[in-house]
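Trainee: So here's work-v1.cif (mmCIF, C-alpha atoms).
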```
data_data
loop_
_atom_site.label_atom_id
_atom_site.label_comp_id
_atom_site.auth_asym_id
_atom_site.auth_seq_id
_atom_site.Cartn_x
_atom_site.Cartn_y
_atom_site.Cartn_z
CA MET A 1 205.52 10.24 304.94
CA GLU A 2 205.79 6.68 306.23
CA ALA A 3 203.16 5.43 303.79
CA GLU A 4 205.30 6.60 300.89
CA LYS A 5 207.78 3.82 301.64
CA TYR A 6 205.26 1.26 300.40
CA ARG A 7 203.99 0.77 296.87
CA HIS A 8 200.20 0.99 296.65
CA ARG A 9 198.66 -2.24 295.33
CA LEU A 10 195.46 -4.25 295.17
CA LEU A 11 195.54 -7.93 296.14
CA HIS A 12 192.87 -10.42 295.01
CA ILE A 13 192.17 -13.35 297.37
CA LYS A 14 190.24 -16.30 295.94
CA GLY A 15 189.81 -19.91 297.04
CA THR A 16 189.20 -21.85 300.23
CA ILE A 17 190.71 -21.93 303.71
CA LYS A 18 193.03 -24.75 302.56
CA GLN A 19 193.87 -23.58 299.04
CA THR A 20 194.00 -19.93 298.12
CA VAL A 21 195.21 -17.95 295.14
CA VAL A 22 196.60 -14.52 296.00
CA ARG A 23 197.63 -12.26 293.15
CA GLU A 24 198.16 -8.59 292.52
CA VAL A 25 195.63 -7.02 290.15
CA PRO A 26 195.41 -3.56 288.55
CA LEU A 27 194.74 -0.74 291.03
CA THR A 28 191.29 0.07 289.61
CA HIS A 29 187.60 -0.51 290.36
CA ASP A 30 187.43 -2.75 287.27
CA ALA A 31 189.45 -5.42 289.13
CA LEU A 32 186.81 -5.88 291.84
CA ASN A 33 184.04 -8.46 291.90
CA SER A 34 181.39 -9.41 294.45
CA GLY A 35 182.46 -13.04 294.70
CA ASP A 36 185.90 -12.58 296.24
CA VAL A 37 187.94 -10.59 298.76
CA PHE A 38 190.42 -7.82 297.95
CA ILE A 39 192.99 -5.94 300.00
CA LEU A 40 193.87 -2.37 299.09
CA ASP A 41 197.39 -1.87 300.45
CA ASP A 42 197.85 1.82 301.15
CA GLY A 43 201.06 1.57 303.14
CA LEU A 44 200.09 2.03 306.77
CA ARG A 45 196.40 1.50 306.04
CA LEU A 46 194.83 -1.67 304.63
CA TYR A 47 191.27 -1.80 303.29
CA GLN A 48 189.86 -5.34 303.17
CA PHE A 49 186.95 -5.38 300.71
CA GLN A 50 184.66 -8.39 301.24
CA GLY A 51 182.30 -9.04 298.34
CA LYS A 52 178.71 -10.09 299.01
CA GLY A 53 179.39 -13.58 297.68
CA SER A 54 182.85 -14.11 299.15
CA SER A 55 183.44 -17.24 301.21
CA GLY A 56 184.41 -17.60 304.84
CA GLY A 57 187.68 -19.16 303.74
CA GLU A 58 188.56 -16.16 301.57
CA LYS A 59 187.75 -13.76 304.41
CA ALA A 60 189.83 -15.78 306.87
CA LYS A 61 192.82 -15.91 304.52
CA ALA A 62 192.57 -12.19 303.79
CA ALA A 63 192.65 -11.50 307.53
CA ILE A 64 195.79 -13.63 307.85
CA ILE A 65 197.44 -11.76 304.98
CA ALA A 66 196.53 -8.41 306.51
CA ARG A 67 198.00 -9.43 309.87
CA GLY A 68 201.13 -10.69 308.13
CA ILE A 69 201.59 -7.33 306.39
CA ASP A 70 201.03 -5.57 309.71
CA ASP A 71 203.67 -7.76 311.39
CA GLU A 72 206.11 -7.02 308.57
CA ARG A 73 205.59 -3.27 309.09
CA GLY A 74 206.13 -3.22 312.81
CA SER A 75 202.47 -3.48 313.89
CA LYS A 76 201.83 0.09 312.72
CA VAL A 77 199.12 -0.69 310.16
CA GLU A 78 195.44 0.23 310.48
CA ILE A 79 193.20 -2.52 309.06
CA HIS A 80 189.72 -1.53 307.88
CA VAL A 81 187.21 -4.22 306.83
CA LEU A 82 184.66 -3.08 304.24
CA GLU A 83 181.63 -5.34 303.77
CA GLU A 84 180.07 -4.70 300.36
CA GLU A 85 176.56 -5.46 301.62
CA ASN A 86 176.88 -2.80 304.34
CA GLU A 87 178.18 0.07 302.21
CA ASP A 88 174.81 1.79 301.75
CA LYS A 89 174.30 1.86 305.53
CA ALA A 90 177.80 3.15 306.37
CA THR A 91 178.08 6.31 308.46
CA GLY A 92 180.86 8.28 310.16
CA LYS A 93 184.33 6.74 310.01
CA GLU A 94 183.12 3.75 308.00
CA ALA A 95 181.63 6.03 305.34
CA ASP A 96 184.94 7.93 305.21
CA ASN A 97 186.78 4.64 304.69
CA TRP A 98 184.52 3.76 301.77
CA LYS A 99 185.05 7.20 300.24
CA TYR A 100 188.82 6.86 300.49
CA PHE A 101 188.75 3.29 299.13
CA TRP A 102 186.81 4.31 296.03
CA GLY A 103 188.95 7.42 295.58
CA VAL A 104 192.14 5.34 295.30
CA LEU A 105 190.45 3.03 292.76
CA GLY A 106 189.35 5.86 290.50
CA GLY A 107 185.87 6.51 291.86
CA LYS A 108 182.84 4.40 292.71
CA HIS A 109 181.50 2.18 289.92
CA PRO A 110 179.22 -0.86 289.72
CA ILE A 111 180.94 -4.04 290.89
CA LYS A 112 180.92 -7.18 288.76
CA LYS A 113 179.01 -10.07 290.33
CA GLU A 114 181.73 -12.63 289.63
CA ALA A 115 185.28 -12.78 288.36
CA GLY A 116 186.07 -14.12 284.92
CA ALA A 117 187.32 -17.66 284.42
CA ASP A 118 188.72 -18.90 287.71
CA GLN A 119 192.40 -19.46 288.07
CA GLN A 120 193.34 -23.02 288.86
CA ILE A 121 194.16 -23.16 292.54
CA LYS A 122 197.44 -24.94 293.02
CA GLN A 123 199.10 -26.52 296.01
CA ILE A 124 201.93 -24.19 296.91
CA ARG A 125 202.77 -25.37 300.41
CA GLN A 126 206.46 -26.13 300.56
CA MET A 127 209.26 -26.01 303.11
CA TYR A 128 213.00 -25.62 302.61
CA LYS A 129 215.74 -25.98 305.19
CA VAL A 130 218.56 -23.43 305.14
CA SER A 131 221.60 -24.99 306.82
CA ASP A 132 225.41 -24.83 306.78
CA ALA A 133 225.91 -27.92 308.96
CA SER A 134 227.87 -29.52 306.12
CA GLY A 135 230.27 -26.58 305.95
CA LYS A 136 228.47 -25.20 302.92
CA LEU A 137 225.17 -23.29 302.94
CA THR A 138 222.47 -25.56 301.50
CA TYR A 139 218.81 -25.04 300.61
CA THR A 140 216.94 -28.34 300.75
CA GLU A 141 213.23 -29.17 300.46
CA VAL A 142 211.77 -31.04 303.43
CA PRO A 143 208.26 -32.44 304.09
CA PHE A 144 205.66 -29.77 304.80
CA LYS A 145 204.92 -30.65 308.41
CA LYS A 146 205.56 -29.18 311.82
CA ALA A 147 207.92 -32.03 312.72
CA SER A 148 210.33 -30.90 309.98
CA LEU A 149 211.19 -27.74 311.91
CA HIS A 150 214.48 -28.15 313.82
CA GLU A 151 216.05 -25.68 316.21
CA ASP A 152 219.52 -25.90 314.61
CA ASP A 153 218.44 -24.39 311.29
CA VAL A 154 216.31 -21.82 309.49
CA PHE A 155 213.35 -22.77 307.27
CA VAL A 156 211.57 -21.06 304.40
CA VAL A 157 207.87 -21.94 304.72
CA SER A 158 205.65 -21.16 301.72
CA THR A 159 201.94 -21.19 302.57
CA GLY A 160 200.58 -19.39 299.50
CA PRO A 161 199.38 -16.05 300.91
CA ILE A 162 202.48 -15.60 303.10
CA ILE A 163 206.07 -16.83 303.04
CA TYR A 164 207.63 -17.29 306.46
CA THR A 165 211.24 -17.62 307.48
CA TRP A 166 211.21 -19.70 310.67
CA VAL A 167 214.34 -19.25 312.78
CA GLY A 168 215.40 -22.04 315.14
CA LYS A 169 216.77 -21.12 318.56
CA SER A 170 220.19 -22.62 317.75
CA ALA A 171 220.47 -21.37 314.15
CA ASN A 172 223.74 -19.57 313.51
CA ALA A 173 224.28 -16.06 312.18
CA ASN A 174 225.05 -17.20 308.63
CA GLU A 175 221.79 -19.17 308.39
CA LYS A 176 219.78 -16.28 309.85
CA ARG A 177 221.40 -13.83 307.46
CA SER A 178 220.62 -15.98 304.43
CA ALA A 179 216.98 -16.78 305.23
CA PHE A 180 215.40 -13.76 303.56
CA GLN A 181 217.63 -14.17 300.49
CA PHE A 182 216.42 -17.76 300.02
CA ALA A 183 212.79 -16.75 300.64
CA GLN A 184 213.07 -14.10 297.93
CA LYS A 185 214.73 -16.64 295.62
CA TYR A 186 211.84 -19.05 296.20
CA LEU A 187 209.30 -16.33 295.41
CA ASN A 188 211.09 -15.32 292.22
CA GLU A 189 211.22 -18.91 290.98
CA HIS A 190 207.50 -19.61 291.42
CA PRO A 191 205.38 -17.77 288.83
CA ASP A 192 202.11 -18.94 290.45
CA LEU A 193 202.81 -16.83 293.54
CA CYS A 194 201.99 -13.13 293.73
CA LYS A 195 205.36 -11.36 293.71
CA THR A 196 204.30 -8.89 296.36
CA ILE A 197 203.10 -11.26 299.10
CA PRO A 198 204.76 -10.60 302.46
CA ILE A 199 207.82 -12.46 303.72
CA VAL A 200 207.46 -12.65 307.50
CA ARG A 201 210.19 -13.64 309.97
CA VAL A 202 209.07 -15.93 312.82
CA LEU A 203 211.22 -16.95 315.78
CA SER A 204 210.92 -20.37 317.36
CA GLY A 205 208.74 -20.06 320.44
CA ALA A 206 207.12 -16.84 319.24
CA GLU A 207 204.86 -18.27 316.52
CA ASN A 208 201.23 -17.19 316.28
CA ASP A 209 198.13 -19.29 315.62
CA GLU A 210 198.09 -18.31 311.94
CA PHE A 211 201.51 -19.84 311.37
CA PHE A 212 200.58 -23.18 312.96
CA SER A 213 197.18 -23.27 311.23
CA TYR A 214 198.89 -24.17 307.93
CA PHE A 215 200.08 -27.48 309.40
CA ALA A 216 196.58 -28.60 310.43
#
```
Using structure tokens, write down the structure that the file contains.
Mentor:
Amino acid sequence: MEAEKYRHRLLHIKGTIKQTVVREVPLTHDALNSGDVFILDDGLRLYQFQGKGSSGGEKAKAAIIARGIDDERGSKVEIHVLEEENEDKATGKEADNWKYFWGVLGGKHPIKKEAGADQQIKQIRQMYKVSDASGKLTYTEVPFKKASLHEDDVFVVSTGPIIYTWVGKSANANEKRSAFQFAQKYLNEHPDLCKTIPIVRVLSGAENDEFFSYFA
């Protein structure tokens, strides 16, 4: 029953380790291609399809997205990686995963070698500070760098595949309460971002390597 809380979707990951486009595509085999990576979001199970021609950057970003979704859902998600080039050799549990994957997408069909015309990959790394130090809650863009993070406030950090709300140790209750609202506002106002990418809360001092990797 838990899986029913989440809307099934198919995410398309295309680009490089530094610049990636993530968008939701129709939940059908026709959306797949061998040049990119896709994540079938089935609630508490994720199926990461890695096309034969997909890049290391696309695979790395897909892994980050999958972990972000898992974090958002209380670390209860099973993540299954499906390598297109290994499908014919799959046995046991892996074969079952392929069967389920194709079943959700309407049955197994030939996969296109490449996608159609590539989307332009855009820089979508931005940071906004959420603060009420002035007596009024403000939402202000700051430079996208680690040094911009301050313990007194909360920050909305857009990386492209994931939006984080970073909570400083001295941030007050009003700022903490408003962080998700501002993150959702940011997502709604940026048409280039997939509307279903995860918004992940990160506490100062409890960040993971994926979060800091965006500031490299």
Trainee: To one decimal place in Å, what is the distance between atom CA of A:Asp153 and atom CA of A:Ser170?
Mentor: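 It comes out at 6.9 Å.
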Trainee: Would you mind telling me which residue in A:Asp41, A:Glu24, A:Glu72, A:Asp132 lies nearest to A:Ala171 when using all atoms listed in the file?
Mentor: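 Result for the nearest residue to A:Ala171: A:Asp132.
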Trainee: Set out as a Markdown table a contact list for stretch 190-211 of chain A and stretch 158-161 of chain A with a cut-off of 9 Å, giving each residue of stretch 190-211 of chain A that qualifies its closest atom pair and distance in Å to one decimal, counting all atoms listed in the file, ordered by chain and rising residue number.
Mentor:
```
| residue | atom | partner | partner_atom | distance |
| --- | --- | --- | --- | --- |
| A:Leu193 | CA | A:Gly160 | CA | 6.9 |
| A:Cys194 | CA | A:Pro161 | CA | 8.2 |
| A:Ile197 | CA | A:Pro161 | CA | 6.3 |
| A:Pro198 | CA | A:Pro161 | CA | 7.8 |
| A:Phe211 | CA | A:Thr159 | CA | 8.9 |
```
Trainee: Next, write the just-selected residues to a file, as a compact mmCIF listing (two decimals), in the coordinates of the input, keeping C-alpha atoms as the atom set.
Mentor:
```txt
# COMPACT_ATOMS: atom_id res chain seq x y z
CA LEU A 193 202.81 -16.83 293.54
CA CYS A 194 201.99 -13.13 293.73
CA ILE A 197 203.10 -11.26 299.10
CA PRO A 198 204.76 -10.60 302.46
CA PHE A 211 201.51 -19.84 311.37
```
Trainee: Between stretch 20-66 of chain A and stretch 200-204 of chain A, at 12 Å or less, what are the per-residue closest atom pairs and their distances in Å? Count all atoms listed in the file, order by chain and rising residue number, and return it as JSON lines.
Mentor:
```
{"residue": "A:Ile64", "atom": "CA", "partner": "A:Val200", "partner_atom": "CA", "distance": 11.7}
{"residue": "A:Ile65", "atom": "CA", "partner": "A:Val200", "partner_atom": "CA", "distance": 10.4}
{"residue": "A:Ala66", "atom": "CA", "partner": "A:Val200", "partner_atom": "CA", "distance": 11.8}
```
Trainee: Once the PyMOL selection byres ((chain A and resi 49) around 8) has been evaluated on this model, what residues remain selected, and can you format them as a PyMOL selection string?
Mentor: chain A and resi 37-40+47-48+50-51+81-84
Trainee: With C-alpha atoms kept, could you save the residues just selected as a PDB file, in the frame of the given file?
Mentor:
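New file out-v1.pdb:
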```pdb
ATOM      1  CA  VAL A  37     187.940 -10.590 298.760  1.00  0.00           C
ATOM      2  CA  PHE A  38     190.420  -7.820 297.950  1.00  0.00           C
ATOM      3  CA  ILE A  39     192.990  -5.940 300.000  1.00  0.00           C
ATOM      4  CA  LEU A  40     193.870  -2.370 299.090  1.00  0.00           C
ATOM      5  CA  TYR A  47     191.270  -1.800 303.290  1.00  0.00           C
ATOM      6  CA  GLN A  48     189.860  -5.340 303.170  1.00  0.00           C
ATOM      7  CA  GLN A  50     184.660  -8.390 301.240  1.00  0.00           C
ATOM      8  CA  GLY A  51     182.300  -9.040 298.340  1.00  0.00           C
ATOM      9  CA  VAL A  81     187.210  -4.220 306.830  1.00  0.00           C
ATOM     10  CA  LEU A  82     184.660  -3.080 304.240  1.00  0.00           C
ATOM     11  CA  GLU A  83     181.630  -5.340 303.770  1.00  0.00           C
ATOM     12  CA  GLU A  84     180.070  -4.700 300.360  1.00  0.00           C
TER      13      GLU A  84
END
```
